[in-house]
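Participant: Just so it is clear, I am handing over work.tsv, which has TSV, C-alpha atoms.
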chain	number	residue	atom	x	y	z
G	229	MET	CA	-14.35	-2.44	-8.74
G	230	ARG	CA	-12.43	0.36	-10.46
G	231	GLY	CA	-9.75	-0.70	-12.92
G	232	SER	CA	-11.74	-3.76	-14.00
G	233	VAL	CA	-12.88	-4.90	-17.43
G	234	LYS	CA	-15.88	-7.11	-18.18
G	235	VAL	CA	-14.90	-10.33	-19.97
G	236	VAL	CA	-18.09	-12.40	-19.98
G	237	ARG	CA	-21.60	-12.63	-18.53
G	238	LEU	CA	-22.69	-15.91	-16.93
G	239	SER	CA	-26.25	-16.54	-15.73
G	240	GLY	CA	-26.88	-12.80	-15.61
G	241	ILE	CA	-23.66	-12.09	-13.65
G	242	ASP	CA	-20.93	-9.87	-15.09
G	243	ILE	CA	-17.49	-11.47	-14.75
G	244	GLN	CA	-14.74	-8.84	-14.56
G	245	ILE	CA	-10.95	-8.96	-14.35
G	246	HIS	CA	-9.08	-6.29	-12.41
G	247	PHE	CA	-5.78	-5.07	-13.86
G	248	SER	CA	-3.94	-6.47	-10.80
G	249	TRP	CA	-5.03	-9.97	-11.86
G	250	PHE	CA	-2.59	-9.88	-14.77
G	251	LEU	CA	0.28	-9.27	-12.34
G	252	ILE	CA	-0.49	-12.29	-10.18
G	253	PHE	CA	-1.24	-14.43	-13.25
G	254	ALA	CA	2.21	-13.64	-14.67
G	255	ALA	CA	3.88	-14.22	-11.29
G	256	VAL	CA	2.15	-17.59	-10.73
G	257	THR	CA	2.95	-18.76	-14.27
G	258	TRP	CA	6.61	-17.78	-13.90
G	259	SER	CA	6.90	-19.49	-10.51
G	260	LEU	CA	5.34	-22.71	-11.81
G	261	ALA	CA	7.41	-22.81	-15.00
G	262	THR	CA	10.76	-22.07	-13.36
G	263	PHE	CA	10.47	-23.79	-9.97
G	264	TYR	CA	7.48	-26.06	-9.40
G	265	PHE	CA	7.27	-28.09	-12.61
G	266	PRO	CA	11.05	-28.53	-13.08
G	267	LEU	CA	11.06	-30.19	-9.65
G	268	ARG	CA	7.91	-32.26	-10.23
G	269	SER	CA	8.37	-33.29	-13.87
G	270	HIS	CA	12.05	-33.78	-14.67
G	271	THR	CA	11.28	-34.93	-18.22
G	272	LEU	CA	9.65	-31.66	-19.25
G	273	ALA	CA	11.64	-29.27	-21.44
G	274	ALA	CA	11.51	-25.49	-20.96
G	275	GLY	CA	8.72	-24.95	-23.51
G	276	PRO	CA	6.34	-27.53	-22.05
G	277	GLN	CA	7.12	-26.24	-18.56
G	278	TRP	CA	5.86	-22.78	-19.52
G	279	ALA	CA	2.84	-24.35	-21.22
G	280	ALA	CA	2.10	-26.34	-18.07
G	281	GLY	CA	2.54	-23.22	-15.93
G	282	SER	CA	0.13	-21.21	-18.09
G	283	THR	CA	-2.41	-24.04	-18.10
G	284	ALA	CA	-2.24	-24.45	-14.34
G	285	SER	CA	-2.62	-20.69	-13.80
G	286	VAL	CA	-5.70	-20.52	-16.03
G	287	LEU	CA	-7.28	-23.53	-14.30
G	288	PHE	CA	-6.52	-22.09	-10.87
G	289	PHE	CA	-8.23	-18.81	-11.63
G	290	LEU	CA	-11.15	-20.72	-13.09
G	291	SER	CA	-11.22	-22.49	-9.71
G	292	VAL	CA	-11.32	-19.09	-7.98
G	293	LEU	CA	-14.16	-18.11	-10.31
G	294	ALA	CA	-16.00	-21.33	-9.37
G	295	HIS	CA	-15.50	-20.41	-5.70
G	296	GLU	CA	-17.14	-17.01	-6.24
G	297	LEU	CA	-19.87	-18.42	-8.48
G	298	SER	CA	-20.79	-20.77	-5.62
G	299	HIS	CA	-21.36	-17.75	-3.37
G	300	ALA	CA	-23.39	-16.11	-6.12
G	301	ALA	CA	-25.51	-19.19	-6.85
G	302	VAL	CA	-26.52	-19.63	-3.21
G	303	ALA	CA	-27.20	-15.90	-2.83
G	304	LYS	CA	-29.44	-15.87	-5.93
G	305	ARG	CA	-31.26	-18.97	-4.72
G	306	LEU	CA	-32.00	-17.16	-1.45
G	307	GLY	CA	-33.40	-14.16	-3.33
G	308	TYR	CA	-30.42	-11.78	-3.37
G	309	GLU	CA	-29.22	-10.03	-6.51
G	310	VAL	CA	-25.60	-10.56	-7.55
G	311	GLU	CA	-24.18	-7.51	-9.31
G	312	GLY	CA	-20.94	-9.11	-10.53
G	313	ILE	CA	-17.78	-11.06	-9.81
G	314	THR	CA	-14.29	-9.56	-10.01
G	315	LEU	CA	-11.01	-11.47	-10.16
G	316	PHE	CA	-8.07	-9.51	-8.77
G	317	ILE	CA	-4.62	-9.96	-7.27
G	318	LEU	CA	-5.82	-11.54	-4.01
G	319	GLY	CA	-8.37	-13.86	-5.57
G	320	GLY	CA	-11.97	-12.95	-6.30
G	321	MET	CA	-14.98	-11.09	-4.96
G	322	ALA	CA	-18.70	-11.52	-5.57
G	323	SER	CA	-20.71	-8.31	-5.22
G	324	ILE	CA	-24.07	-9.12	-3.64
G	325	SER	CA	-26.71	-6.38	-3.65
G	326	ARG	CA	-27.29	-6.34	0.10
G	327	GLU	CA	-26.28	-7.95	3.34
G	328	ALA	CA	-27.94	-11.19	4.40
G	329	GLU	CA	-31.10	-10.65	6.41
G	330	ARG	CA	-30.86	-13.87	8.46
G	331	ALA	CA	-28.02	-15.70	10.16
G	332	ARG	CA	-28.65	-18.97	8.35
G	333	GLU	CA	-28.61	-17.19	4.96
G	334	GLU	CA	-25.32	-15.53	5.85
G	335	PHE	CA	-23.91	-18.93	6.83
G	336	TRP	CA	-24.84	-20.75	3.63
G	337	ILE	CA	-23.75	-17.93	1.33
G	338	ALA	CA	-20.40	-17.70	3.11
G	339	VAL	CA	-19.65	-21.44	3.36
G	340	ALA	CA	-20.57	-22.20	-0.26
G	341	GLY	CA	-17.25	-20.88	-1.63
G	342	PRO	CA	-14.88	-22.88	0.61
G	343	LEU	CA	-16.98	-26.02	0.09
G	344	SER	CA	-16.66	-25.67	-3.69
G	345	SER	CA	-12.88	-25.14	-3.42
G	346	LEU	CA	-12.57	-28.19	-1.17
G	347	ALA	CA	-14.59	-30.26	-3.65
G	348	LEU	CA	-12.35	-29.14	-6.52
G	349	GLY	CA	-9.27	-29.93	-4.44
G	350	LEU	CA	-10.51	-33.48	-3.85
G	351	LEU	CA	-11.41	-33.85	-7.53
G	352	PHE	CA	-7.97	-32.75	-8.75
G	353	GLY	CA	-6.34	-34.88	-6.05
G	354	ALA	CA	-8.24	-37.96	-7.26
G	355	PHE	CA	-7.10	-37.27	-10.82
G	356	TRP	CA	-3.48	-37.02	-9.64
G	357	VAL	CA	-3.74	-40.36	-7.83
G	358	ALA	CA	-5.17	-41.97	-10.97
G	359	THR	CA	-2.37	-40.69	-13.25
G	360	ARG	CA	0.75	-40.58	-11.08
G	361	ASN	CA	2.07	-43.93	-12.33
G	362	ALA	CA	1.24	-43.29	-16.00
G	363	GLY	CA	3.56	-42.14	-18.79
G	364	ALA	CA	5.36	-38.83	-19.25
G	365	THR	CA	2.35	-37.05	-20.70
G	366	PHE	CA	0.13	-38.07	-17.83
G	367	SER	CA	2.97	-37.29	-15.45
G	368	SER	CA	2.98	-33.62	-16.46
G	369	THR	CA	-0.83	-33.52	-16.42
G	370	GLY	CA	-0.79	-35.15	-13.01
G	371	SER	CA	1.67	-32.53	-11.74
G	372	ILE	CA	-0.78	-29.84	-12.80
G	373	ALA	CA	-3.61	-31.71	-11.06
G	374	LEU	CA	-1.57	-32.10	-7.87
G	375	TRP	CA	-0.77	-28.39	-7.73
G	376	LEU	CA	-4.41	-27.50	-8.37
G	377	ALA	CA	-5.49	-29.91	-5.63
G	378	GLU	CA	-3.07	-28.31	-3.18
G	379	MET	CA	-4.06	-24.75	-4.12
G	380	ASN	CA	-7.81	-25.38	-3.94
G	381	VAL	CA	-7.53	-26.98	-0.51
G	382	LEU	CA	-5.35	-24.06	0.65
G	383	LEU	CA	-7.87	-21.63	-0.84
G	384	ALA	CA	-10.67	-23.30	1.12
G	385	LEU	CA	-8.70	-23.32	4.38
G	386	PHE	CA	-7.45	-19.74	4.00
G	387	ASN	CA	-10.95	-18.45	3.32
G	388	LEU	CA	-12.25	-20.27	6.39
G	389	VAL	CA	-9.94	-18.29	8.69
G	390	PRO	CA	-12.41	-16.44	10.95
G	391	GLY	CA	-11.40	-12.96	9.82
G	392	TYR	CA	-14.21	-10.69	8.63
G	393	PRO	CA	-15.02	-10.05	5.78
G	394	MET	CA	-13.47	-13.32	4.58
G	395	ASP	CA	-15.74	-16.35	4.25
G	396	GLY	CA	-14.65	-17.68	7.63
G	397	GLY	CA	-15.35	-14.31	9.21
G	398	ARG	CA	-18.83	-14.34	7.75
G	399	VAL	CA	-19.37	-17.88	9.02
G	400	LEU	CA	-18.27	-16.68	12.48
G	401	ARG	CA	-20.63	-13.72	12.17
G	402	ALA	CA	-23.49	-16.05	11.23
G	403	VAL	CA	-22.79	-18.34	14.20
G	404	VAL	CA	-22.59	-15.45	16.71
G	405	TRP	CA	-25.67	-13.91	15.13
G	406	GLY	CA	-27.61	-17.17	15.34
G	407	VAL	CA	-26.63	-17.77	18.97
G	408	SER	CA	-27.09	-14.21	20.24
G	409	GLY	CA	-29.87	-13.08	17.93
G	410	ASN	CA	-27.96	-9.78	17.55
G	411	GLY	CA	-26.59	-9.13	14.05
G	412	TRP	CA	-24.80	-5.94	15.09
G	413	LEU	CA	-22.97	-7.70	17.93
G	414	ALA	CA	-22.01	-10.49	15.51
G	415	THR	CA	-20.59	-7.95	13.05
G	416	ARG	CA	-18.48	-6.30	15.75
G	417	VAL	CA	-17.08	-9.64	16.93
G	418	ALA	CA	-16.27	-10.79	13.40
G	419	ALA	CA	-14.68	-7.45	12.46
G	420	TRP	CA	-12.53	-7.48	15.60
G	421	VAL	CA	-11.32	-11.02	14.85
G	422	GLY	CA	-10.64	-9.96	11.25
G	423	ARG	CA	-8.45	-7.07	12.38
G	424	LEU	CA	-6.62	-9.35	14.83
G	425	PHE	CA	-5.88	-11.81	12.04
G	426	ALA	CA	-4.67	-8.96	9.81
G	427	TYR	CA	-2.29	-7.75	12.52
G	428	THR	CA	-1.00	-11.31	12.89
G	429	LEU	CA	-0.21	-11.48	9.17
G	430	VAL	CA	1.59	-8.13	9.27
G	431	LEU	CA	3.68	-9.23	12.26
G	432	GLY	CA	4.50	-12.43	10.41
G	433	GLY	CA	5.59	-10.33	7.45
G	434	VAL	CA	7.85	-8.25	9.68
G	435	TYR	CA	9.40	-11.46	11.04
G	436	PHE	CA	10.15	-12.75	7.53
G	437	LEU	CA	11.55	-9.33	6.63
G	438	VAL	CA	14.02	-9.55	9.51
G	439	GLN	CA	14.94	-13.06	8.37
G	440	GLY	CA	15.66	-11.78	4.86
G	441	ALA	CA	12.73	-13.53	3.15
G	442	ILE	CA	11.61	-10.37	1.38
G	443	ALA	CA	9.12	-11.94	-1.03
G	444	SER	CA	7.22	-13.74	1.76
G	445	ALA	CA	7.36	-10.61	3.92
G	446	VAL	CA	5.92	-8.35	1.22
G	447	TRP	CA	3.14	-10.85	0.48
G	448	LEU	CA	2.09	-11.29	4.12
G	449	ILE	CA	2.16	-7.54	4.82
G	450	ALA	CA	0.15	-6.82	1.65
G	451	VAL	CA	-2.49	-9.43	2.51
G	452	GLY	CA	-2.62	-8.23	6.13
G	453	TRP	CA	-3.04	-4.62	5.06
G	454	PHE	CA	-5.78	-5.60	2.59
G	455	LEU	CA	-7.67	-7.63	5.18
G	456	HIS	CA	-7.42	-4.85	7.77
G	457	SER	CA	-8.71	-2.31	5.25
G	458	THR	CA	-11.63	-4.48	4.14
G	459	ALA	CA	-12.51	-5.44	7.74
G	460	SER	CA	-12.50	-1.77	8.79
G	461	SER	CA	-14.51	-0.73	5.74
G	462	SER	CA	-17.07	-3.50	6.24
G	463	TYR	CA	-17.39	-2.54	9.91
G	464	ARG	CA	-18.00	1.12	9.03
G	465	GLN	CA	-20.64	0.17	6.47
G	466	ALA	CA	-22.34	-2.13	8.97
G	467	ALA	CA	-22.24	0.62	11.60
G	468	VAL	CA	-23.96	3.03	9.22
G	469	ARG	CA	-26.62	0.45	8.34
G	470	GLU	CA	-27.23	-0.18	12.04
G	471	ARG	CA	-27.43	3.55	12.74
G	472	LEU	CA	-29.94	4.02	9.94
G	473	LYS	CA	-32.10	1.02	10.78
G	474	GLY	CA	-35.75	2.04	10.66
G	475	VAL	CA	-34.97	5.33	8.90
G	476	ALA	CA	-36.72	6.09	5.61
G	477	VAL	CA	-35.41	8.11	2.68
G	478	GLY	CA	-38.00	10.79	3.38
G	479	GLN	CA	-36.28	11.61	6.69
G	480	ALA	CA	-32.99	12.41	4.96
G	481	MET	CA	-34.06	13.97	1.68
G	482	SER	CA	-33.76	17.66	0.98
G	483	ARG	CA	-37.11	19.28	0.20
G	484	GLU	CA	-35.54	22.55	-0.85
G	485	TYR	CA	-33.54	21.62	-3.92
G	486	PRO	CA	-33.22	23.64	-7.15
G	487	THR	CA	-35.11	22.39	-10.19
G	488	ILE	CA	-35.30	23.54	-13.80
G	489	ALA	CA	-37.89	23.39	-16.56
G	490	PRO	CA	-37.31	21.30	-19.71
G	491	SER	CA	-37.30	24.47	-21.82
G	492	LEU	CA	-34.56	26.24	-19.86
G	493	THR	CA	-31.40	26.63	-21.93
G	494	LEU	CA	-28.23	24.85	-20.93
G	495	ARG	CA	-26.48	28.20	-20.54
G	496	ASP	CA	-29.07	29.38	-18.01
G	497	ALA	CA	-29.08	26.01	-16.25
G	498	PHE	CA	-25.31	26.15	-15.80
G	499	ASP	CA	-25.02	29.85	-14.92
G	500	ARG	CA	-28.07	30.06	-12.63
G	501	ILE	CA	-28.21	26.61	-11.01
G	502	LEU	CA	-25.31	24.20	-11.47
G	503	GLN	CA	-22.44	26.65	-11.05
G	504	PRO	CA	-23.75	28.91	-8.22
G	505	TYR	CA	-24.98	25.96	-6.11
G	506	HIS	CA	-21.97	23.74	-6.95
G	507	LEU	CA	-24.27	20.93	-8.06
G	508	ALA	CA	-23.34	17.83	-10.06
G	509	ALA	CA	-26.95	17.32	-11.20
G	510	VAL	CA	-30.29	19.12	-11.20
G	511	PRO	CA	-33.80	17.62	-11.64
G	512	VAL	CA	-35.85	18.64	-14.68
G	513	VAL	CA	-39.56	18.99	-13.84
G	514	THR	CA	-42.77	20.16	-15.51
G	515	ASP	CA	-45.14	22.79	-14.13
G	516	ASP	CA	-46.91	20.23	-11.91
G	517	ASN	CA	-43.54	19.07	-10.50
G	518	SER	CA	-43.53	15.80	-12.45
G	519	LEU	CA	-39.98	14.55	-12.87
G	520	VAL	CA	-39.03	14.15	-16.55
G	521	GLY	CA	-35.25	13.95	-16.35
G	522	VAL	CA	-32.00	14.93	-14.65
G	523	LEU	CA	-29.41	17.26	-16.12
G	524	THR	CA	-25.86	16.39	-15.06
G	525	ARG	CA	-22.57	18.14	-15.64
G	526	SER	CA	-21.38	15.18	-17.71
G	527	SER	CA	-24.43	15.30	-20.00
G	528	LEU	CA	-23.99	19.06	-20.26
G	529	SER	CA	-20.37	18.68	-21.32
G	530	ALA	CA	-21.46	16.40	-24.18
G	531	ILE	CA	-22.99	19.47	-25.87
G	532	PRO	CA	-20.56	22.03	-27.40
G	533	GLU	CA	-20.54	25.12	-25.16
G	534	MET	CA	-21.22	27.35	-28.14
G	535	ASP	CA	-24.63	25.66	-28.45
G	536	TRP	CA	-25.65	25.99	-24.81
G	537	ALA	CA	-27.53	29.25	-25.34
G	538	VAL	CA	-29.92	27.66	-27.87
G	539	THR	CA	-30.15	24.09	-26.50
G	540	PRO	CA	-32.97	23.34	-24.01
G	541	ALA	CA	-32.35	21.13	-20.99
G	542	ALA	CA	-34.73	18.53	-22.45
G	543	ARG	CA	-32.15	17.82	-25.18
G	544	ALA	CA	-29.31	16.96	-22.75
G	545	MET	CA	-31.14	15.51	-19.74
G	546	SER	CA	-31.33	11.80	-19.00
G	547	GLN	CA	-34.26	10.10	-20.64
G	548	PRO	CA	-37.22	9.03	-18.47
G	549	GLY	CA	-36.51	5.33	-19.04
G	550	ALA	CA	-32.96	5.74	-17.72
G	551	LEU	CA	-33.93	7.71	-14.63
G	552	GLU	CA	-32.87	6.24	-11.30
G	553	THR	CA	-35.19	7.34	-8.52
G	554	VAL	CA	-36.14	6.31	-5.00
G	555	ALA	CA	-39.36	6.48	-3.02
G	556	PRO	CA	-39.63	8.39	0.28
G	557	GLU	CA	-40.61	5.25	2.19
G	558	GLU	CA	-37.61	3.17	1.07
G	559	PRO	CA	-35.12	2.12	3.81
G	560	LEU	CA	-32.24	4.58	3.84
G	561	GLY	CA	-29.62	2.11	5.09
G	562	GLU	CA	-29.84	-0.04	1.96
G	563	LEU	CA	-29.15	2.95	-0.32
G	564	VAL	CA	-26.18	4.51	1.44
G	565	GLU	CA	-23.61	1.98	0.23
G	566	ASN	CA	-24.93	2.31	-3.32
G	567	LEU	CA	-24.48	6.09	-3.17
G	568	ASP	CA	-20.89	5.78	-1.99
G	569	ASN	CA	-19.79	2.93	-4.26
G	570	ARG	CA	-21.16	4.54	-7.42
G	571	LYS	CA	-20.15	8.08	-6.43
G	572	ILE	CA	-23.74	9.28	-6.82
G	573	GLU	CA	-24.15	12.79	-5.47
G	574	ALA	CA	-27.94	12.92	-5.47
G	575	LEU	CA	-30.97	10.73	-6.21
G	576	PRO	CA	-34.43	12.14	-7.02
G	577	VAL	CA	-37.09	11.13	-4.53
G	578	VAL	CA	-40.38	10.57	-6.35
G	579	ASP	CA	-43.87	9.91	-5.02
G	580	GLY	CA	-46.63	9.27	-7.54
G	581	GLY	CA	-44.46	10.49	-10.40
G	582	ARG	CA	-43.81	13.86	-8.76
G	583	LEU	CA	-40.54	15.07	-7.33
G	584	VAL	CA	-40.80	15.49	-3.56
G	585	GLY	CA	-37.11	15.88	-2.69
G	586	MET	CA	-33.51	14.90	-3.40
G	587	LEU	CA	-31.46	12.37	-1.46
G	588	THR	CA	-27.88	13.60	-1.18
G	589	ARG	CA	-24.83	12.29	0.62
G	590	LYS	CA	-24.86	15.50	2.68
G	591	GLY	CA	-28.41	14.71	3.75
G	592	VAL	CA	-27.34	11.24	4.86
G	593	ARG	CA	-24.44	12.70	6.86
G	594	ASP	CA	-26.83	15.14	8.55
G	595	VAL	CA	-29.09	12.25	9.59
G	596	LEU	CA	-26.12	10.34	11.00
G	597	ARG	CA	-25.21	13.34	13.18
G	598	ARG	CA	-28.61	13.75	14.80
G	599	PRO	CA	-30.70	11.50	17.08
G	600	ILE	CA	-32.86	9.24	14.96
G	601	VAL	CA	-36.54	8.74	15.63
G	602	ALA	CA	-38.09	5.92	13.65
G	603	PRO	CA	-41.16	7.01	11.67
G	604	THR	CA	-44.51	6.11	13.17
G	605	LYS	CA	-47.39	4.75	11.14
G	606	THR	CA	-50.53	6.86	11.05
G	607	GLU	CA	-53.97	5.57	10.32
G	608	SER	CA	-55.66	7.03	7.27
G	609	SER	CA	-58.99	8.64	7.85
Any chance you could give the structure as structure tokens?
Facilitator:
Amino acid sequence: MRGSVKVVRLSGIDIQIHFSWFLIFAAVTWSLATFYFPLRSHTLAAGPQWAAGSTASVLFFLSVLAHELSHAAVAKRLGYEVEGITLFILGGMASISREAERAREEFWIAVAGPLSSLALGLLFGAFWVATRNAGATFSSTGSIALWLAEMNVLLALFNLVPGYPMDGGRVLRAVVWGVSGNGWLATRVAAWVGRLFAYTLVLGGVYFLVQGAIASAVWLIAVGWFLHSTASSSYRQAAVRERLKGVAVGQAMSREYPTIAPSLTLRDAFDRILQPYHLAAVPVVTDDNSLVGVLTRSSLSAIPEMDWAVTPAARAMSQPGALETVAPEEPLGELVENLDNRKIEALPVVDGGRLVGMLTRKGVRDVLRRPIVAPTKTESS
């Protein structure tokens, strides 16, 4: 997610914090220190109240992280790669490499988060029960535990609302998918319910706005807008994957794409290829069309322009070990989201070490516009 910074890596998963997280962290801490704890722990002075608020906020967001790590752990156990976890203003999000391939896998990945939040809620609740009749120190600690118990249970229940792409929406999708055997139908049902829930939140926000409860109104409208946006985006991505089912990269790649030799100067590469064709990148190939690198505008800009006339492309191109390529037989649907999310303009398509084409976003759009015929297997002679 843009605007995020990596803070730690756990079990091969990058944990990131979005800048919006700091806003909600400050707001939650302020609310706890000025309202919640003064009501719960009358013996606490102002300083300890702020300390308790900060502690509770940190523990709550660690609870959110545990929620997302539960999703990630189940996904990894089922064979899916987890690219990272981001904490942001509305909670957290685990980025899993691809959509679940089976209904039961979708179900267990989705339900893992709410189950972990519910377990934490019960754990904090048990601690509160054990300390509620203790001294002042345990009284303040118990107040923190009670709030964490309440928030974790609410987090579990809120995420189980059947609004796609929330956990509950994914559980609904898994159930419809398992019953009907149709993943695309399940996605449409879950996305529709997700939009309906989003509209309900927005209407609730409008009601609170009329009543003068501005803070509650703004929060409900913001959450409703976010859920509607994510539901619509998830639906569009699912629609594209469904449309491209059975389509290989080779059916969308461009076979007529400019290339350059490693010895071509950067000046010639820019003036003759990148600029006239409005390209962000150009493949670098040898005489036998073996791909040895890719020259991008960003790598070009790293070299002073005064040196372009005497610097060969081989000096500025990406190194072979860092090259990201795809094969012509790879499923196209699984690559489209990666192209969009990472703003990749083109990927080299390589077969046996030789460049056979370039996969571009324009090529994908062209495939989406025309009737798709799944490739047929041919027997080798």
Participant: For a test of reading the model, state the distance in Å between CA of Ser546 in chain G and CA of Leu523 in chain G, rounded to one decimal.
Facilitator: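 Interatomic distance, CA of Ser546 in chain G to CA of Leu523 in chain G: 6.5 Å.
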Participant: To one decimal in Å, tell me the separation between CA of Ala402 in chain G and CA of Ala331 in chain G.
Facilitator: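 Computing it gives 4.7 Å between the two atoms.
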Participant: Do a neighbour search on range 430-442 of chain G at 12 Å with all atoms listed in the file, toss out local chain neighbours closer than 5 positions, and write the hits as a list in words.
Facilitator: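 My reading of the contact set: Arg423, Leu424, Phe425, Trp447, Leu448, Ile449, Ala450, Val451, Gly452, Trp453, Phe454, Leu455 and His456 of chain G.
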Participant: I need the residue nearest Gln244 in chain G from this list: G:Ser482, G:Ser259, G:Phe316, G:Ala303. Use all atoms listed in the file for the distance.
Facilitator: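 Smallest separation from Gln244 in chain G among the options: G:Phe316.
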Participant: Counting only C-alpha atoms, which of G:Arg416, G:Arg483, G:Arg495, G:Arg500 gets nearest to Val538 in chain G?
Facilitator: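 Using only C-alpha atoms, Val538 in chain G sits closest to G:Arg495.
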Participant: Quick check, in Å to one decimal: how far apart do CA of Leu251 in chain G and CA of Ser460 in chain G lie?
Facilitator: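 Computed distance, CA of Leu251 in chain G to CA of Ser460 in chain G, equals 25.8 Å.
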Participant: Looking at G:Ala555, G:Leu376, G:Leu583, G:Ala476, which one is nearest to Gly521 in chain G, with distances taken over only C-alpha atoms?
Facilitator: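 Answer, going by the shortest atom-to-atom distance: G:Leu583.
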Participant: For Leu290 in chain G, which of G:Ser232, G:Asn380, G:Gln465, G:Ser323 is the closest residue, counting only C-alpha atoms?
Facilitator: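 Between G:Ser232, G:Asn380, G:Gln465, G:Ser323, the residue approaching Leu290 in chain G most closely is G:Asn380.
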Participant: Near Val512 in chain G, counting only C-alpha atoms, which residues have an atom at most 10 Å away, once you skip same-chain residues fewer than 6 positions from it, shown as a PyMOL selection string?
Facilitator: chain G and resi 486-492+518-523+541-542+545-546+583
Participant: So, counting all atoms listed in the file, which residue among G:Leu343, G:Leu315, G:Ile337, G:Leu267 is closest to Phe253 in chain G?
Facilitator: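 The closest residue to Phe253 in chain G is G:Leu315.
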Participant: Return the single residue from G:Gly396, G:Gly312, G:Pro556, G:Gly591 that is closest to Ala480 in chain G, with distances computed using all atoms listed in the file.
Facilitator: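 Smallest distance to Ala480 in chain G is found for G:Gly591.
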Participant: Can you find the residues with an atom no farther than 9 Å from (-21.3, -15.9, 11.0), counting all atoms listed in the file, and report them as a VMD selection string?
Facilitator: chain G and resid 331 to 332 334 to 335 338 390 395 to 406 414 to 415 418
Participant: Which residues are close to Gly307 in chain G, i.e. within 12 Å by all atoms listed in the file, leaving aside same-chain residues fewer than 5 positions away? Reply as a compact mmCIF listing (two decimals) with C-alpha atoms, in the frame of the given file.
Facilitator:
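New file out.txt:
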# COMPACT_ATOMS: atom_id res chain seq x y z
CA ALA G 300 -23.39 -16.11 -6.12
CA ALA G 301 -25.51 -19.19 -6.85
CA VAL G 302 -26.52 -19.63 -3.21
CA ILE G 324 -24.07 -9.12 -3.64
CA SER G 325 -26.71 -6.38 -3.65
CA ARG G 326 -27.29 -6.34 0.10
CA GLU G 327 -26.28 -7.95 3.34
CA ALA G 328 -27.94 -11.19 4.40
CA GLU G 329 -31.10 -10.65 6.41
CA GLU G 333 -28.61 -17.19 4.96
CA ILE G 337 -23.75 -17.93 1.33
